[in-house]
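Chemist: So that we are looking at the same thing, I have put the structure below in structure tokens.
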Amino acid sequence: MGKDKQPRGQQRQGGLPAGDAEPDDMGPKKGKGAPKERGEEEAQTCCGCRFPLLLALLQLALGIGVTVVGFLMASVSSSLLVRDTPFWAGIIVCLVAYLGLFMLCVSYQVDERTCIQFVMKLFYFLLSALALIVCVLAVAFAAHHYSQLQQFTCETALNSCQCKLPSSEPLSRTFVYQDVADCTSITGTFKLFLLIQMILNLVCGLVCLLACFVMWKHRYQVFYVGVRMYSLTTSKGQQQKV
């Protein structure tokens, strides 16, 4: 009878059977912050690319377009003013786009952790605001010249095109476009270039405005305001528990 019974110590020390043993979970445990991190990464992407990166690419493409059309406008006549050929606006937008591409492809983070990241984001924000103002000026100059061309009466004289506004005064101002063989290049080609410049600079200004908004949102609305709201909600929860 004593052989069938095991000592109490052996019964207490004995483990579970081999079939009932719980498997050890040696894999990495997912914390509560993992879904949130994945959501933030998905929020920063659009069609596989980060959303600010798409803005910088749009700035680069539009800046190149504005620059090319501006130099084409300057080749129509040698007497055109700099404000009438806004290649300068495209160059500024291209510089902003290069800075944005460098920042976004190398060291961009919503929560900046170094002084260099903060300075680059600040410069990109300020330069985007400057590019927005420059694009608005380019649209204003192009629209003013376009409205004048619609009222001009032009005629060719001595390798130039002389245009006047319709006026009853005999001493009205005459606009002379030098090195122009035919006035159709002014009333037709140059007028079309002005219309293209208005459209490109308007779209470019909207993209720069959106870039400024994204930089402001990532700096103030996502990180700091989120922490503040979280601290307020936790303090309210603690007061309710007390």
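Every chain in the structure tokens has a letter given in the order shown (A, B, ...), and although residue numbers restart at 1 in each chain, ligands are simply numbered from 1 in the order shown.
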Could you list, as a ChimeraX atom specification, every residue within 9 Å of Leu149 in chain A, counting only C-alpha atoms and ignoring same-chain residues fewer than 3 positions away?
Modeler: /A:144-146,152-153,163,165,186-187,191
Chemist: Produce a file of the selected residues containing N, CA, C and O atoms, as a CSV table (one decimal), in the first residue's frame.
Modeler:
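Writing done, so here's out_38.csv:
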```csv
chain,number,residue,atom,x,y,z
A,144,HIS,N,-1.3,92.2,-64.7
A,144,HIS,CA,-1.3,93.6,-65.1
A,144,HIS,C,-0.9,93.8,-66.5
A,144,HIS,O,-1.5,94.5,-67.3
A,145,HIS,N,0.2,93.1,-66.9
A,145,HIS,CA,0.7,93.2,-68.3
A,145,HIS,C,-0.3,92.5,-69.2
A,145,HIS,O,-0.5,93.0,-70.4
A,146,TYR,N,-0.9,91.4,-68.8
A,146,TYR,CA,-1.9,90.7,-69.7
A,146,TYR,C,-3.1,91.6,-69.9
A,146,TYR,O,-3.6,91.7,-71.1
A,152,PHE,N,-4.0,97.0,-76.0
A,152,PHE,CA,-3.0,97.6,-76.9
A,152,PHE,C,-3.4,97.7,-78.3
A,152,PHE,O,-4.1,96.7,-78.8
A,153,THR,N,-2.9,98.7,-79.0
A,153,THR,CA,-3.0,98.8,-80.5
A,153,THR,C,-1.5,98.8,-81.0
A,153,THR,O,-0.8,99.8,-80.7
A,163,CYS,N,3.4,99.8,-79.2
A,163,CYS,CA,2.0,99.6,-78.8
A,163,CYS,C,1.5,100.8,-78.0
A,163,CYS,O,2.3,101.4,-77.2
A,165,LEU,N,-2.1,102.5,-75.8
A,165,LEU,CA,-3.4,102.3,-75.3
A,165,LEU,C,-4.4,103.2,-76.0
A,165,LEU,O,-4.0,104.3,-76.4
A,186,ILE,N,4.2,89.5,-79.8
A,186,ILE,CA,3.9,90.2,-78.5
A,186,ILE,C,2.4,89.9,-78.2
A,186,ILE,O,2.1,89.5,-77.1
A,187,THR,N,1.5,90.2,-79.1
A,187,THR,CA,0.1,90.1,-78.9
A,187,THR,C,-0.4,88.6,-78.9
A,187,THR,O,-1.5,88.3,-78.4
A,191,LYS,N,1.7,87.0,-74.9
A,191,LYS,CA,0.4,87.0,-74.2
A,191,LYS,C,0.1,85.6,-73.6
A,191,LYS,O,-0.4,85.5,-72.5
```
Chemist: Please produce, as a Markdown table, a per-residue contact table for range 135-181 of chain A versus range 69-88 of chain A (criterion: any atom at most 12 Å away, only C-alpha atoms considered), showing the nearest atom pair and its distance in Å to one decimal, sorted by chain then residue number.
Modeler:
```
| residue | atom | partner | partner_atom | distance |
| --- | --- | --- | --- | --- |
| A:Cys135 | CA | A:Pro86 | CA | 8.8 |
| A:Val136 | CA | A:Pro86 | CA | 11.0 |
| A:Leu137 | CA | A:Arg83 | CA | 8.8 |
| A:Ala138 | CA | A:Pro86 | CA | 6.0 |
| A:Val139 | CA | A:Pro86 | CA | 9.0 |
| A:Ala140 | CA | A:Arg83 | CA | 9.8 |
| A:Phe141 | CA | A:Asp84 | CA | 6.4 |
| A:Ala142 | CA | A:Asp84 | CA | 6.3 |
| A:Ala143 | CA | A:Asp84 | CA | 9.8 |
| A:His144 | CA | A:Asp84 | CA | 9.4 |
| A:His145 | CA | A:Asp84 | CA | 7.4 |
| A:Tyr146 | CA | A:Asp84 | CA | 9.9 |
| A:Asn159 | CA | A:Ser77 | CA | 10.6 |
| A:Ser160 | CA | A:Ser77 | CA | 8.8 |
| A:Cys161 | CA | A:Ser77 | CA | 9.5 |
| A:Gln162 | CA | A:Ser79 | CA | 11.7 |
| A:Phe175 | CA | A:Ser79 | CA | 9.9 |
| A:Val176 | CA | A:Ser79 | CA | 7.8 |
| A:Tyr177 | CA | A:Ser79 | CA | 5.7 |
| A:Gln178 | CA | A:Ser79 | CA | 5.5 |
| A:Asp179 | CA | A:Ser77 | CA | 5.6 |
| A:Val180 | CA | A:Ser77 | CA | 6.1 |
| A:Ala181 | CA | A:Ser77 | CA | 9.7 |
```
